[in-house]
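Listing of entry_38.txt, compact mmCIF, C-alpha atoms and all ligand atoms
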```txt
# COMPACT_ATOMS: atom_id res chain seq x y z
CA MET C 1 0.00 0.00 0.00
CA THR C 2 1.37 3.44 -0.90
CA GLU C 3 0.96 6.47 1.38
CA SER C 4 -1.53 8.06 -1.01
CA THR C 5 -3.86 5.07 -0.71
CA GLN C 6 -3.78 5.13 3.12
CA ARG C 7 -7.01 6.87 3.96
CA PHE C 8 -7.69 5.57 7.43
CA CYS C 9 -4.30 5.51 9.14
CA ASP C 10 -5.20 8.47 11.38
CA GLN C 11 -8.17 6.57 12.79
CA VAL C 12 -6.31 3.27 13.32
CA GLN C 13 -5.12 2.45 16.85
CA PRO C 14 -1.48 3.63 16.73
CA GLN C 15 -0.03 0.31 17.92
CA ILE C 16 -1.62 -1.52 14.97
CA LEU C 17 0.31 0.55 12.42
CA ASP C 18 3.62 -0.90 13.61
CA VAL C 19 2.56 -4.55 13.68
CA HIS C 20 4.62 -6.75 11.37
CA PRO C 21 2.20 -9.54 10.46
CA TYR C 22 3.11 -13.18 10.92
CA ILE C 23 4.78 -14.52 7.76
CA PRO C 24 3.58 -18.04 6.93
CA GLY C 25 5.46 -20.62 4.87
CA LYS C 26 4.98 -20.45 1.11
CA PRO C 27 2.03 -22.64 0.03
CA VAL C 28 2.75 -25.50 -2.41
CA SER C 29 0.13 -24.15 -4.85
CA GLU C 30 1.92 -20.78 -5.01
CA LEU C 31 5.26 -22.33 -5.95
CA GLN C 32 3.49 -24.57 -8.46
CA ARG C 33 1.94 -21.48 -10.08
CA GLU C 34 5.22 -19.57 -10.07
CA LEU C 35 7.57 -22.25 -11.36
CA GLY C 36 5.30 -24.87 -12.89
CA LEU C 37 7.02 -27.61 -10.91
CA ASN C 38 5.10 -30.81 -10.35
CA TYR C 39 7.09 -32.30 -7.47
CA ILE C 40 7.37 -30.04 -4.46
CA SER C 41 8.52 -30.78 -0.91
CA LYS C 42 7.07 -28.29 1.55
CA LEU C 43 9.29 -28.27 4.59
CA ALA C 44 8.40 -24.80 5.78
CA SER C 45 5.62 -24.92 8.37
CA ASN C 46 6.42 -27.74 10.81
CA GLU C 47 3.40 -29.74 9.68
CA ASN C 48 2.96 -33.50 10.02
CA PRO C 49 4.37 -35.04 6.80
CA LEU C 50 2.11 -38.10 7.23
CA GLY C 51 -0.93 -35.89 6.71
CA ILE C 52 -4.18 -36.65 8.52
CA SER C 53 -4.77 -40.02 10.21
CA HIS C 54 -7.18 -42.35 8.41
CA LYS C 55 -9.42 -42.62 11.50
CA VAL C 56 -9.64 -38.84 11.73
CA LEU C 57 -10.41 -38.55 8.03
CA MET C 58 -13.28 -41.02 8.39
CA ALA C 59 -14.66 -39.17 11.42
CA VAL C 60 -14.45 -35.79 9.66
CA GLN C 61 -16.13 -37.16 6.53
CA LYS C 62 -18.96 -38.47 8.68
CA ALA C 63 -19.32 -35.14 10.46
CA LEU C 64 -19.48 -33.18 7.19
CA LYS C 65 -23.21 -33.84 6.87
CA ASP C 66 -23.86 -31.80 10.04
CA THR C 67 -22.13 -28.63 8.93
CA SER C 68 -25.42 -26.74 8.57
CA ARG C 69 -25.49 -26.68 12.39
CA TYR C 70 -23.39 -24.39 14.55
CA PRO C 71 -20.65 -26.28 16.39
CA ASP C 72 -20.77 -27.00 20.11
CA GLY C 73 -19.49 -23.68 21.46
CA SER C 74 -18.31 -25.36 24.66
CA ALA C 75 -16.44 -28.19 22.86
CA PHE C 76 -17.91 -30.46 25.53
CA GLU C 77 -16.72 -33.82 24.21
CA LEU C 78 -13.22 -32.66 23.47
CA LYS C 79 -12.86 -31.17 26.93
CA ILE C 80 -14.04 -34.43 28.52
CA ILE C 81 -11.39 -36.40 26.61
CA LEU C 82 -8.64 -33.89 27.36
CA ALA C 83 -9.58 -33.66 31.04
CA LYS C 84 -9.31 -37.42 31.39
CA LEU C 85 -6.03 -37.67 29.49
CA LEU C 86 -4.38 -34.76 31.29
CA ASP C 87 -5.85 -35.15 34.76
CA VAL C 88 -7.41 -31.68 34.85
CA THR C 89 -11.03 -30.57 35.12
CA THR C 90 -12.99 -29.41 32.06
CA SER C 91 -13.17 -25.92 33.59
CA GLN C 92 -9.38 -25.75 33.34
CA ILE C 93 -9.46 -26.04 29.53
CA ALA C 94 -10.09 -23.40 26.85
CA ILE C 95 -10.29 -24.48 23.21
CA GLY C 96 -9.07 -22.10 20.53
CA ASN C 97 -8.97 -21.57 16.80
CA GLY C 98 -5.42 -22.85 16.82
CA SER C 99 -3.29 -22.23 19.90
CA ASN C 100 -2.45 -18.95 18.18
CA GLU C 101 -5.86 -17.55 19.09
CA LEU C 102 -5.36 -18.51 22.72
CA LEU C 103 -1.88 -16.99 22.91
CA GLU C 104 -3.34 -13.69 21.70
CA LEU C 105 -6.35 -13.90 24.01
CA VAL C 106 -4.10 -14.19 27.05
CA ALA C 107 -2.46 -10.90 26.11
CA ARG C 108 -5.89 -9.29 25.65
CA VAL C 109 -7.03 -10.50 29.05
CA PHE C 110 -3.96 -9.45 30.99
CA ALA C 111 -2.12 -6.63 29.27
CA GLY C 112 -2.69 -3.20 27.80
CA LYS C 113 -1.02 0.14 27.30
CA GLY C 114 1.78 0.75 29.80
CA ASP C 115 2.18 -2.94 30.64
CA GLU C 116 5.13 -5.14 29.74
CA ILE C 117 5.17 -8.58 28.17
CA ILE C 118 8.40 -10.55 28.30
CA TYR C 119 9.60 -13.06 25.70
CA SER C 120 12.94 -14.28 24.43
CA GLN C 121 14.93 -13.15 21.43
CA TYR C 122 14.23 -15.61 18.57
CA ALA C 123 10.95 -16.69 20.21
CA PHE C 124 7.80 -17.49 18.24
CA ALA C 125 6.68 -14.43 16.24
CA VAL C 126 3.17 -14.42 17.68
CA TYR C 127 4.41 -13.25 21.12
CA PRO C 128 5.67 -9.81 20.02
CA ILE C 129 2.65 -9.43 17.76
CA SER C 130 0.29 -10.20 20.67
CA ALA C 131 2.05 -7.63 22.83
CA GLN C 132 1.89 -4.99 20.12
CA VAL C 133 -1.76 -5.53 19.28
CA VAL C 134 -2.85 -4.84 22.86
CA GLY C 135 -0.59 -1.80 23.09
CA ALA C 136 1.74 -3.36 25.67
CA THR C 137 5.50 -2.99 25.54
CA GLY C 138 7.25 -6.14 24.37
CA ILE C 139 10.45 -6.85 26.31
CA GLU C 140 12.73 -9.07 24.26
CA VAL C 141 15.34 -10.77 26.43
CA PRO C 142 18.60 -11.74 24.67
CA ALA C 143 18.89 -15.48 24.04
CA VAL C 144 21.75 -17.72 25.16
CA ASP C 145 22.90 -20.38 22.71
CA TRP C 146 19.84 -19.54 20.59
CA GLY C 147 17.50 -20.49 23.45
CA HIS C 148 15.63 -18.84 26.32
CA ASP C 149 17.82 -17.34 29.04
CA LEU C 150 15.43 -18.02 31.90
CA ASN C 151 17.55 -16.18 34.49
CA ALA C 152 17.70 -13.09 32.31
CA MET C 153 13.94 -13.35 31.77
CA LEU C 154 13.45 -13.38 35.54
CA ALA C 155 15.71 -10.37 35.88
CA ALA C 156 13.64 -8.53 33.24
CA ILE C 157 10.49 -8.65 35.42
CA THR C 158 9.45 -5.17 36.61
CA PRO C 159 6.34 -3.88 38.38
CA LYS C 160 4.89 -3.35 34.88
CA THR C 161 5.29 -7.01 33.83
CA LYS C 162 1.96 -8.73 33.28
CA LEU C 163 2.84 -11.70 31.15
CA ILE C 164 5.76 -13.91 30.09
CA TYR C 165 5.64 -16.10 26.99
CA ILE C 166 7.94 -19.11 26.92
CA ALA C 167 8.10 -21.87 24.31
CA ASN C 168 9.58 -25.25 25.16
CA PRO C 169 10.91 -26.27 22.71
CA ASN C 170 11.24 -22.94 21.01
CA ASN C 171 10.27 -22.28 17.44
CA PRO C 172 12.22 -21.48 15.25
CA THR C 173 15.44 -22.49 17.01
CA GLY C 174 14.32 -25.87 18.41
CA THR C 175 16.12 -25.28 21.72
CA ARG C 176 14.63 -26.46 24.99
CA PHE C 177 15.26 -26.15 28.72
CA ASN C 178 15.17 -28.88 31.33
CA GLN C 179 13.16 -29.57 34.44
CA SER C 180 15.53 -28.02 36.95
CA GLN C 181 15.93 -24.84 34.87
CA TRP C 182 12.15 -24.62 34.55
CA GLU C 183 11.45 -25.27 38.24
CA SER C 184 13.99 -22.70 39.30
CA PHE C 185 12.36 -20.19 36.93
CA ILE C 186 8.67 -20.74 37.68
CA SER C 187 9.27 -20.79 41.44
CA GLN C 188 10.80 -17.31 41.26
CA VAL C 189 8.17 -15.63 39.06
CA PRO C 190 5.97 -13.38 41.22
CA LYS C 191 2.54 -14.95 41.72
CA HIS C 192 0.69 -12.10 39.99
CA VAL C 193 2.71 -12.44 36.74
CA ILE C 194 1.12 -14.81 34.23
CA VAL C 195 3.42 -17.33 32.53
CA VAL C 196 2.32 -18.93 29.26
CA LEU C 197 4.28 -22.10 28.59
CA ASP C 198 3.83 -22.87 24.90
CA GLU C 199 4.16 -26.62 24.31
CA ALA C 200 3.28 -26.76 20.62
CA TYR C 201 6.08 -29.34 20.08
CA LEU C 202 5.75 -31.26 23.37
CA GLU C 203 5.29 -34.71 21.83
CA TYR C 204 8.45 -34.39 19.76
CA ALA C 205 10.44 -33.00 22.68
CA LYS C 206 9.38 -35.94 24.82
CA SER C 207 10.50 -38.38 22.14
CA PHE C 208 13.99 -36.83 22.11
CA ASP C 209 14.18 -36.64 25.90
CA VAL C 210 16.82 -39.31 26.55
CA ASP C 211 17.70 -37.86 29.96
CA GLY C 212 14.05 -37.79 31.09
CA ASP C 213 14.34 -34.17 32.18
CA TYR C 214 11.85 -32.45 29.86
CA PRO C 215 9.32 -30.64 32.08
CA ASP C 216 5.67 -31.29 31.20
CA GLY C 217 3.72 -28.09 31.95
CA CYS C 218 0.68 -30.05 33.14
CA ASP C 219 2.64 -31.25 36.17
CA TYR C 220 2.93 -27.68 37.46
CA LEU C 221 -0.62 -26.39 37.05
CA LYS C 222 -1.75 -27.27 40.59
CA GLN C 223 1.22 -25.60 42.24
CA TYR C 224 1.22 -22.45 40.07
CA PRO C 225 -2.19 -20.86 39.39
CA ASN C 226 -0.38 -18.15 37.38
CA LEU C 227 0.77 -20.79 34.86
CA LEU C 228 -0.99 -21.39 31.55
CA VAL C 229 0.01 -24.20 29.19
CA SER C 230 -0.84 -23.97 25.49
CA ARG C 231 -0.85 -26.91 23.08
CA THR C 232 -1.90 -27.51 19.51
CA PHE C 233 -3.38 -30.12 17.19
CA SER C 234 -1.53 -28.54 14.25
CA LYS C 235 1.75 -30.44 14.59
CA VAL C 236 1.97 -34.11 15.56
CA TYR C 237 -1.83 -34.60 15.27
CA GLY C 238 -1.77 -33.44 11.65
CA LEU C 239 -4.68 -30.98 11.85
CA ALA C 240 -3.04 -27.66 10.95
CA ALA C 241 -5.70 -26.64 8.43
CA LEU C 242 -8.58 -27.23 10.84
CA ARG C 243 -7.21 -24.69 13.36
CA ILE C 244 -7.56 -26.11 16.83
CA GLY C 245 -5.50 -25.87 20.01
CA TYR C 246 -6.06 -25.67 23.75
CA LEU C 247 -5.00 -23.80 26.82
CA LEU C 248 -4.80 -25.22 30.34
CA GLY C 249 -4.83 -23.17 33.51
CA CYS C 250 -6.72 -22.45 36.70
CA ASP C 251 -10.52 -22.18 36.44
CA GLU C 252 -10.54 -18.44 37.01
CA ILE C 253 -8.17 -17.55 34.19
CA ILE C 254 -9.82 -20.00 31.80
CA GLU C 255 -13.14 -18.28 32.51
CA TYR C 256 -11.65 -14.90 31.52
CA ILE C 257 -10.28 -16.42 28.32
CA ASN C 258 -13.65 -17.98 27.48
CA LYS C 259 -15.36 -14.61 27.97
CA LEU C 260 -13.23 -13.14 25.21
CA SER C 261 -13.17 -15.94 22.66
CA ASN C 262 -15.60 -15.62 19.78
CA PRO C 263 -18.76 -17.70 19.97
CA PHE C 264 -18.23 -20.89 17.92
CA ASN C 265 -14.52 -20.12 17.52
CA VAL C 266 -13.75 -23.79 16.83
CA ASN C 267 -15.69 -25.47 14.02
CA SER C 268 -17.36 -28.85 14.39
CA LEU C 269 -15.01 -30.69 12.00
CA ALA C 270 -12.01 -29.53 14.01
CA GLN C 271 -13.65 -30.71 17.23
CA VAL C 272 -14.49 -34.16 15.83
CA ALA C 273 -11.00 -34.42 14.36
CA ALA C 274 -9.30 -33.49 17.63
CA CYS C 275 -11.39 -35.97 19.67
CA THR C 276 -10.53 -38.77 17.24
CA ALA C 277 -6.87 -37.76 16.93
CA LEU C 278 -6.32 -37.81 20.68
CA LEU C 279 -7.42 -41.44 20.79
CA ASP C 280 -5.54 -42.56 17.67
CA THR C 281 -2.39 -43.47 19.54
CA SER C 282 -0.95 -45.60 16.74
CA PHE C 283 -0.95 -42.61 14.35
CA LEU C 284 0.71 -40.55 17.06
CA ALA C 285 3.42 -43.17 17.58
CA LYS C 286 3.96 -43.47 13.81
CA SER C 287 4.28 -39.69 13.47
CA ILE C 288 6.78 -39.45 16.30
CA SER C 289 8.83 -42.32 14.99
CA LEU C 290 8.91 -40.80 11.49
CA ASN C 291 10.11 -37.55 13.01
CA GLU C 292 12.90 -39.27 14.94
CA GLN C 293 14.08 -41.06 11.79
CA GLY C 294 13.75 -37.88 9.75
CA MET C 295 15.71 -35.83 12.26
CA ARG C 296 18.51 -38.42 12.08
CA GLN C 297 18.41 -38.48 8.28
CA LEU C 298 18.49 -34.71 8.01
CA THR C 299 21.17 -34.03 10.61
CA GLU C 300 23.40 -36.82 9.24
CA GLY C 301 22.89 -35.40 5.74
CA LEU C 302 23.82 -31.90 6.96
CA SER C 303 26.90 -33.17 8.78
CA ALA C 304 28.01 -35.01 5.62
CA LEU C 305 27.76 -31.67 3.79
CA ASN C 306 29.64 -29.93 6.61
CA ILE C 307 26.72 -27.68 7.38
CA SER C 308 26.12 -26.74 10.99
CA TYR C 309 22.71 -26.58 12.63
CA ILE C 310 21.14 -25.85 16.00
CA PRO C 311 20.32 -29.15 17.75
CA SER C 312 16.52 -29.32 17.86
CA SER C 313 13.90 -30.98 20.06
CA GLY C 314 11.08 -30.30 17.61
CA ASN C 315 10.05 -31.40 14.11
CA PHE C 316 12.32 -28.87 12.41
CA VAL C 317 15.93 -27.80 12.40
CA CYS C 318 17.65 -24.45 11.88
CA ILE C 319 20.60 -24.73 9.56
CA TYR C 320 23.42 -22.22 9.27
CA LEU C 321 24.25 -20.95 5.80
CA GLY C 322 25.77 -17.58 6.63
CA SER C 323 25.38 -14.75 4.18
CA ASP C 324 24.29 -17.20 1.46
CA ALA C 325 21.08 -18.25 3.22
CA LEU C 326 18.63 -16.22 1.14
CA GLU C 327 20.26 -17.11 -2.14
CA VAL C 328 20.24 -20.78 -1.12
CA ASN C 329 16.56 -20.45 -0.22
CA GLN C 330 15.76 -19.10 -3.69
CA LYS C 331 17.72 -21.87 -5.39
CA LEU C 332 16.02 -24.50 -3.23
CA LEU C 333 12.64 -23.12 -4.36
CA GLU C 334 13.77 -23.57 -7.96
CA GLU C 335 14.54 -27.21 -7.07
CA GLY C 336 11.01 -27.58 -5.65
CA VAL C 337 11.93 -27.42 -1.96
CA ILE C 338 10.18 -24.92 0.28
CA VAL C 339 11.94 -24.17 3.57
CA ARG C 340 11.57 -21.15 5.85
CA PRO C 341 13.90 -18.15 5.71
CA LEU C 342 14.22 -16.51 9.13
CA VAL C 343 14.82 -12.87 8.25
CA ASN C 344 11.79 -11.78 10.28
CA TYR C 345 13.32 -13.53 13.32
CA LYS C 346 16.53 -11.57 12.72
CA LEU C 347 18.25 -14.84 11.85
CA PRO C 348 18.97 -14.09 8.18
CA GLN C 349 21.92 -16.47 8.16
CA PHE C 350 19.71 -19.48 8.94
CA LEU C 351 17.01 -21.46 7.14
CA ARG C 352 14.51 -23.55 9.10
CA VAL C 353 13.73 -26.93 7.61
CA SER C 354 10.77 -29.00 8.83
CA ILE C 355 11.23 -32.76 9.04
CA GLY C 356 9.37 -34.41 6.17
CA THR C 357 8.95 -37.94 4.90
CA GLN C 358 12.06 -39.94 4.04
CA VAL C 359 11.61 -38.96 0.37
CA GLU C 360 11.07 -35.28 1.14
CA ASN C 361 14.12 -35.13 3.43
CA GLN C 362 16.22 -36.73 0.71
CA HIS C 363 14.84 -34.27 -1.84
CA PHE C 364 15.99 -31.44 0.43
CA ILE C 365 19.46 -32.92 1.04
CA ASP C 366 20.01 -33.62 -2.68
CA ALA C 367 18.78 -30.13 -3.62
CA LEU C 368 21.03 -28.52 -1.00
CA LYS C 369 24.02 -30.49 -2.26
CA LEU C 370 23.30 -29.35 -5.80
CA VAL C 371 22.70 -25.72 -4.83
CA LEU C 372 25.92 -25.56 -2.78
CA ASN C 373 27.92 -27.40 -5.48
CA LYS C 374 29.07 -29.97 -2.93
C1 LIG D 1 5.79 -22.32 19.25
C2 LIG D 1 4.48 -22.30 18.54
N1 LIG D 1 3.40 -21.99 19.24
C3 LIG D 1 2.18 -21.94 18.67
C4 LIG D 1 2.01 -22.20 17.34
C5 LIG D 1 0.66 -22.02 16.75
O1 LIG D 1 0.07 -23.18 16.38
P1 LIG D 1 -1.46 -23.24 15.96
O2 LIG D 1 -2.04 -21.86 15.99
O3 LIG D 1 -1.48 -23.83 14.61
O4 LIG D 1 -2.10 -24.09 17.02
C6 LIG D 1 3.11 -22.53 16.56
C7 LIG D 1 2.96 -22.79 15.12
O5 LIG D 1 3.85 -22.85 14.35
C8 LIG D 1 4.38 -22.58 17.18
O6 LIG D 1 5.48 -22.86 16.48
```

Please go through the file and, once you have read it, give me the structure as structure tokens.
Ligand SMILES: Cc1ncc(COP(=O)(O)O)c(C=O)c1O
Amino acid sequence: MTESTQRFCDQVQPQILDVHPYIPGKPVSELQRELGLNYISKLASNENPLGISHKVLMAVQKALKDTSRYPDGSAFELKIILAKLLDVTTSQIAIGNGSNELLELVARVFAGKGDEIIYSQYAFAVYPISAQVVGATGIEVPAVDWGHDLNAMLAAITPKTKLIYIANPNNPTGTRFNQSQWESFISQVPKHVIVVLDEAYLEYAKSFDVDGDYPDGCDYLKQYPNLLVSRTFSKVYGLAALRIGYLLGCDEIIEYINKLSNPFNVNSLAQVAACTALLDTSFLAKSISLNEQGMRQLTEGLSALNISYIPSSGNFVCIYLGSDALEVNQKLLEEGVIVRPLVNYKLPQFLRVSIGTQVENQHFIDALKLVLNK
């Protein structure tokens, strides 16, 4: 938009003008249109390369005939299943249009102009956006070794701090912290400061947790009423397009969140899909195992090409390409491989690659080899 076409900027809330919108991965159809390629590997959005589980597909197809009805605004069945699986009550669960919606709602409930929201350098882009949209000041705490510096985050708390966003593991860097680091952190956060622990990649992190020291946010909800845990069905459950996630916390906070969420924010197909996906443990196990194999394949392939990367506990890995990263990204696109440049995360020297199927991972490694003339 040019300045001459901006007719309403004086009326817009000032904080909105500065928001840099979230940049999604390039869709396959867009690259197909641009380059006319017929084989494309999309490794840009940390999606499940296995797609949707067959059981979920059947359940969604069956539910399609009821789409003339509004969905259950309380997501009753899904909450019952989650409550049982996670040992919480249904009043401790809010369901959102993706966990993204819930992350933003927390900021709307707790922060406004003059307040501060803390998050780490290189943390998920939605945290600074959520702070900006509500007019709060985002406090970005420098990372250590590409991950959250929990002690520095504690030190950044001021009387104005309302909220802290933390992802474990973090996206895009894939770094994670352990149980003792987490316990030391959460025990020192003042009780009136809300902590959102974003566990979008929990299932993958647990599968890589050889030392058994990955902290599961659910285990801390009873002790810390100021803790909220967000999770998603977009990753290991393979439901990214349906937009569904959940937030766990104390009854009181969940009630505030529910007050703000739109009526019928989660459609009926997403609810049916999530209920079925939670119970389809064999698909879950298959997805996790594919990710473990893929992570091995990718990191071994990178090491063979002498390319360094940030060790990751998620379903993606950040690879270091220095000043060539953007050029490499362009050339990979021409080879039919979509990965994620990280310029908006101020990591222009890295590309983030999601773990795909065995064939997709190989496509990426072969394309990278070709592009780098190795
Ligand atoms: C750390 C993190 N949190 C939350 C989300 C949002 O997931 P969704 O809105 O699809 O549930 C993502 C998606 O990429 C993520 O990486």

message: Need to verify the contact set: Ala75 in chain C, 8 Å, all atoms listed in the file, exclusion of same-chain residues closer than 5 positions in sequence. Can you return it as a PyMOL selection string?
response: chain C and resi 95+266+271

Mind running range 80-149 of chain C against range 164-170 of chain C at 6 Å and telling me each contacting residue's nearest atom pair with the distance in Å (one decimal), counting all atoms listed in the file, chain and number ascending, as a tab-separated table?
```
residue	atom	partner	partner_atom	distance
C:Ile117	CA	C:Ile164	CA	5.7
C:Ile118	CA	C:Ile164	CA	4.6
C:Tyr119	CA	C:Tyr165	CA	5.2
```

Atom-to-atom span, CA of Asp219 in chain C and CA of Tyr122 in chain C, Å: 26.2 Å

Pairwise distance for CA of Asn151 in chain C and CA of Phe185 in chain C, rounded to one decimal in Å: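 CA of Phe185 in chain C lies 7.0 Å from CA of Asn151 in chain C.
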
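Reported to one decimal place, the separation of CA of Ala125 in chain C from CA of Ser41 in chain C is 23.8 Å.
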
Test item: residues lying within 6 Å of ligand LIG 1 (chain D) with all atoms listed in the file, as an mmCIF file with C-alpha atoms, in the coordinates of the input:
```cif
data_model
loop_
_atom_site.group_PDB
_atom_site.id
_atom_site.type_symbol
_atom_site.label_atom_id
_atom_site.label_comp_id
_atom_site.auth_asym_id
_atom_site.auth_seq_id
_atom_site.Cartn_x
_atom_site.Cartn_y
_atom_site.Cartn_z
ATOM 1 C CA GLY C 98 -5.420 -22.850 16.820
ATOM 2 C CA SER C 99 -3.290 -22.230 19.900
ATOM 3 C CA ASN C 100 -2.450 -18.950 18.180
ATOM 4 C CA PHE C 124 7.800 -17.490 18.240
ATOM 5 C CA ALA C 167 8.100 -21.870 24.310
ATOM 6 C CA ASN C 170 11.240 -22.940 21.010
ATOM 7 C CA ASN C 171 10.270 -22.280 17.440
ATOM 8 C CA ASP C 198 3.830 -22.870 24.900
ATOM 9 C CA ALA C 200 3.280 -26.760 20.620
ATOM 10 C CA THR C 232 -1.900 -27.510 19.510
ATOM 11 C CA SER C 234 -1.530 -28.540 14.250
ATOM 12 C CA ALA C 240 -3.040 -27.660 10.950
ATOM 13 C CA ARG C 243 -7.210 -24.690 13.360
ATOM 14 C CA ILE C 244 -7.560 -26.110 16.830
ATOM 15 C CA GLY C 245 -5.500 -25.870 20.010
#
```

- prompt: Nearest to Val343 in chain C among C:Val359, C:Ile157, C:Ile186, C:Leu326, with distances taken over all atoms listed in the file: which residue is it?
  reply: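 The answer is C:Leu326, which sits nearest to Val343 in chain C.
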